[in-house]
Structure formats: structure tokens, C-alpha cells
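> Pasting a structure here, questions to come.
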Amino acid sequence: MKKIINSLLVIHLLSLAAETCACTTFILSGKYTPDGRPILYKHRDTGTPHNALKYFNDGKYSYVGLVDACENCDSSVWGGYNSSGFAIMNSAAYNNNIGDTTKLKNREGIIMKLALMNCASVDDFEKLLAGLPKPLGVDSNFGVIDACGGAAYFETGHYGFNKIDANNPEVAPFGYLIRTNHSFTGVIDKGSGYIRYATAGNVLYMASATNNFEPQYLLNSISRNLTHSLTGVDLRDDLPVSGNRTDFRFFEDFIPRNTSASVILVHGVSKNEDPANTMMWTILGFPLVTVAAPVWLSAGVPLPSVLTMKDNFHAPLCDAAMILKEKCYPVKRGSGLKYINLAAVLNAENSGIMQLLEPVENEIFVRTRLLTEQMTKEKPKSGIIRDHYKWLDSHITESYRKLFSIEINN
């Protein structure tokens, strides 16, 4: 524990990251999925729009993490999983420390990095939280899954935490738990994200009813969801006629929002399955104008080139998404960023950015599904995975060049 505490102090001195915006997250117990594999999901909203993936080998376990694409990227991780099959993410809570004057804050990314370095199970993470010096400097819902069937949230403040177990039918009757930006054990009616919580709840209730927890369905239904659970608005019901003219729609309290910067979906393993089969789907950049890509920790490095930082500390796919995002939010002054140009995303001519990228992403899922079917009962072969990465880099690069005349610099 002394070594962990020392690591915490060192990392804190390096960290400049802060998770201050809205996120939508959920965990799903493997007891309720058709293949017995748990799922951990984070739709990340942040003031740091450039995100990337990074492979780490600086702890007891190697791990791949979602990081802010910057020079200090090694100090914090905003979600990921390690070689033991343990995965973690968070959402800011905003209602665990009300009335507390502690100034220490924004250490969620530091704690998640420590967890990935040292934890193999949900129990390990609970021990880590209990043993770290207080105050923790967090106001957060930490979601975790492991390779032993564990799946839980830890609603955490400066001086304590409450564990909510997704395997407990009394609190999770359908095997999933959702957290946006409030804790259920925090101060009632404080925090935020209640409308997004209801939207995600509608999606997951239907997914449970139809037994459809496929990653592609979840990514599209959560991070590209254009319904508003309070007003009943569904932007897909009234598409702009053409993409040639701007068509602005008020775009607040949807799951995707102007600050949406990335998504991770960790697809864990069933009990007694090799943890090496754990994989992670990642969306870098504004989710409506980019594509999902898979990674396996068992293949080591390099990860797909489009997902990792280059000399300028930017990930190429995220850079491409930032260019396309400009078409969605052309008005910057005043309240302009609250209004999305829906015609650029979707329109009746099927020339919207998301519509053009749909077949590109479909091909990624088709080829990845064929690969994962081969690997289900055996340890993934790094050579096969790396060949898939090469195809992935080429496929994405050529698609963005052909569709948008964007050169992705790998």
C-alpha cells in the first residue's frame, strides 16, 4: 500500500487533467448477456476535446487507457482495462461532497490509472479505495467489471464510498446499472444528468427486453441517440430535406452533446474464459462524425495508428472528427454551440456525415465479428490482431479521403 500511496502522490504532481463535464455510463453483468460477458460503457464529455488511446506497462498489469491527448497524458486515465480483465471508467457525480470545503479535487483520472496498474478484480478496487489517503479528491461514480463475474459502481466522495452491485437483483433487476452525473447515495435531487439518465434507461430497457446487447447496437443507440426523454423529441423524425442548407436544432440534454469527445465499450469475458479475450471498442472524437474501432490488449503494441498520439500529441482519427464537427457547429458566438446543424449529420438525401460513415463502420464490425468468432475459445494471436489493425488503419484512412477529402496522417 505504501508503494501505491507514493505512486498517487507522484502522479498527482504531474496531473493537469480534470473530468468536469457530463458523461453517460453504464455497466452490465455477464449474468444477463447471451454470451455471459459483462460490458462497461462510457460516453465521455469533457472540456478536453482531443482524446487518444495509449498502451501502458508501468504497473503490476499492462493496460490500455483512454487519455487526454496531451504532453501529460501519462498522469491520468479516463477509462480502460488491464491484462487481468479488470476494467474501469467513471462519471462525475456532483452530489457526494455537497457542503464539504475540501479543495482537493479532480483526481478521478489518477485513481483510475492506479486501479488499472494494480487491480485484478472488483474486490481489489474496493480495497484500493478504502486504503488510499483521505480526502480522495473525487466526486464520482466509478464503474468496474472483472473477469470473475464482478460488476459494480462505487459512488465515491472525498471520505467514503458506497458499492452498488450489478449482480444484486434488488438494485439491478435486469442486470444493468446506469450513472450519469449524480450518485443515488448522494444528496437527493442534486447533481445533474437526470434527463440523459432517463434516455439511456429507455435504450437499455429495450435492449434487455429484446436480449440485444451487441456492441454495435449499444454504441449507435446510446452515443448516437437523438431522442430527448423529457420533451419526447426525436431528431430523426423530421430530417432536413437536404445537406446543402443549414438546418439548426436546439441540442441540449441529449446523450451526445457539443462536449462529447469519445466513447469506450469494454466487452469483458465470461467466467473461466481467458482474460486475453477482453476487448474494447473506442470512438474518438464527436460520436456523430466518427467511427468505432476495436483493440485487444493481448496484442501489445502498436495499437491502431489512427487511435494513438503522434508527435503533435493528437490522434489522427480524432483530428479528422474535429474537422467534421466544425460542420455540425458552425456558429461559435453567443449560444451558437447549443444548436447543431442537423443537415450536416443526417438528411433526407442520405448525404449527412453519419450516414456516409455508416457503411464504413459496418464493415469494421463485420470483419471484427469474424475475427472474434475465431478467437472466442482460444488465446488471441497477436499476429492476426495486428493484421486487423493494419487493415483498420487503411480502411479508415482511405474512407475519410474518399468521402471527405480529409488526409489522415498516420
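Here, A, B, ... name the chains of the C-alpha cells in the order displayed, residue numbers run from 1 inside each chain, and ligands are numbered from 1 in the same displayed order.
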Can you pull out every residue within 6 Å of segment 250-267 of chain A, counting only C-alpha atoms, but drop anything in the same chain fewer than 5 positions away, and send it as a VMD selection string?
chain A and resid 39 to 46 49 196 223 228 278 to 286 338 to 339
> Produce a table with one row for each residue of segment 300-358 of chain A that has an atom at most 12 Å from any atom of segment 52-75 of chain A, each row naming the nearest atom pair and its distance in Å at one decimal; use only C-alpha atoms; arrange rows by chain and rising residue number; format as a Markdown table.

```
| residue | atom | partner | partner_atom | distance |
| --- | --- | --- | --- | --- |
| A:Gly300 | CA | A:Tyr55 | CA | 7.6 |
| A:Val301 | CA | A:Tyr55 | CA | 6.9 |
| A:Pro302 | CA | A:Tyr55 | CA | 8.2 |
| A:Leu303 | CA | A:Tyr55 | CA | 7.6 |
| A:Pro304 | CA | A:Leu53 | CA | 9.1 |
| A:Ser305 | CA | A:Leu53 | CA | 9.7 |
| A:Val306 | CA | A:Ala52 | CA | 9.0 |
| A:Leu307 | CA | A:Ala52 | CA | 5.7 |
| A:Thr308 | CA | A:Leu53 | CA | 5.2 |
| A:Met309 | CA | A:Ala52 | CA | 6.2 |
| A:Lys310 | CA | A:Ala69 | CA | 9.4 |
| A:Asp311 | CA | A:Glu71 | CA | 9.8 |
| A:Asn312 | CA | A:Cys70 | CA | 8.4 |
| A:Phe313 | CA | A:Cys70 | CA | 5.3 |
| A:His314 | CA | A:Ala69 | CA | 5.6 |
| A:Ala315 | CA | A:Ala52 | CA | 5.5 |
| A:Pro316 | CA | A:Ala52 | CA | 9.0 |
| A:Leu317 | CA | A:Ala52 | CA | 8.9 |
| A:Cys318 | CA | A:Ala52 | CA | 7.4 |
| A:Asp319 | CA | A:Ala52 | CA | 10.1 |
```
> Give me, as a VMD selection string, all polymer residues having an atom no more than 12 Å from Val360 of chain A, counting only C-alpha atoms and skipping those fewer than 4 positions away in the same chain.
chain A and resid 289 to 293 353 to 356 364 to 367 392 394 to 400 402 to 403
> When you count only C-alpha atoms, which of these residues is closest to Thr48 of chain A: A:Gly193, A:Tyr153, A:Met322, A:Asn212?
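Among the listed residues, the smallest separation from Thr48 of chain A belongs to A:Met322.
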> Which residue, A:Asn118, A:Glu361, A:Leu370, A:Leu226, has the smallest gap to Ile340 of chain A when you use only C-alpha atoms?
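Once distances to Ile340 of chain A are computed over only C-alpha atoms, the minimum belongs to A:Leu226.
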> Kindly give the distance, in Å, that separates atom CA of Leu116 of chain A and atom CA of Ala166 of chain A, rounded to a single decimal.
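Computed distance, atom CA of Leu116 of chain A to atom CA of Ala166 of chain A, equals 20.2 Å.
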> What does the structure give for the distance between atom CA of Ala115 of chain A and atom CA of Leu129 of chain A, in Å to one decimal?
9.0 Å
> Restricting the calculation to only C-alpha atoms: of A:Asn141, A:Asn362, A:Ala198, A:Gly268, which residue gets closest to Gln216 of chain A?
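For Gln216 of chain A, the nearest of the candidates is A:Asn362.
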> Write down as a list in words the residues of segment 259-321 of chain A whose backbone DSSP state falls under alpha helix (DSSP H).
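Checking each residue of segment 259-321 of chain A, the alpha helix (DSSP H) ones are Pro316, Leu317, Cys318, Asp319, Ala320 and Ala321 of chain A.
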> Would you save the residues of that selection, restricted to N, CA and C atoms, as a PDB file, in the first residue's frame?

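That gives us out.pdb:
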```
ATOM      1  N   PRO A 316      -4.895  10.751 -35.044  1.00  0.00           N
ATOM      2  CA  PRO A 316      -5.386  11.121 -36.377  1.00  0.00           C
ATOM      3  C   PRO A 316      -6.901  11.036 -36.544  1.00  0.00           C
ATOM      4  N   LEU A 317      -7.530   9.980 -36.022  1.00  0.00           N
ATOM      5  CA  LEU A 317      -8.978   9.851 -36.187  1.00  0.00           C
ATOM      6  C   LEU A 317      -9.708  10.957 -35.437  1.00  0.00           C
ATOM      7  N   CYS A 318      -9.210  11.318 -34.268  1.00  0.00           N
ATOM      8  CA  CYS A 318      -9.826  12.394 -33.500  1.00  0.00           C
ATOM      9  C   CYS A 318      -9.673  13.727 -34.238  1.00  0.00           C
ATOM     10  N   ASP A 319      -8.522  13.952 -34.844  1.00  0.00           N
ATOM     11  CA  ASP A 319      -8.316  15.171 -35.634  1.00  0.00           C
ATOM     12  C   ASP A 319      -9.307  15.254 -36.791  1.00  0.00           C
ATOM     13  N   ALA A 320      -9.509  14.122 -37.473  1.00  0.00           N
ATOM     14  CA  ALA A 320     -10.455  14.094 -38.589  1.00  0.00           C
ATOM     15  C   ALA A 320     -11.868  14.395 -38.101  1.00  0.00           C
ATOM     16  N   ALA A 321     -12.225  13.844 -36.947  1.00  0.00           N
ATOM     17  CA  ALA A 321     -13.550  14.100 -36.380  1.00  0.00           C
ATOM     18  C   ALA A 321     -13.714  15.567 -36.002  1.00  0.00           C
TER      19      ALA A 321
END
```
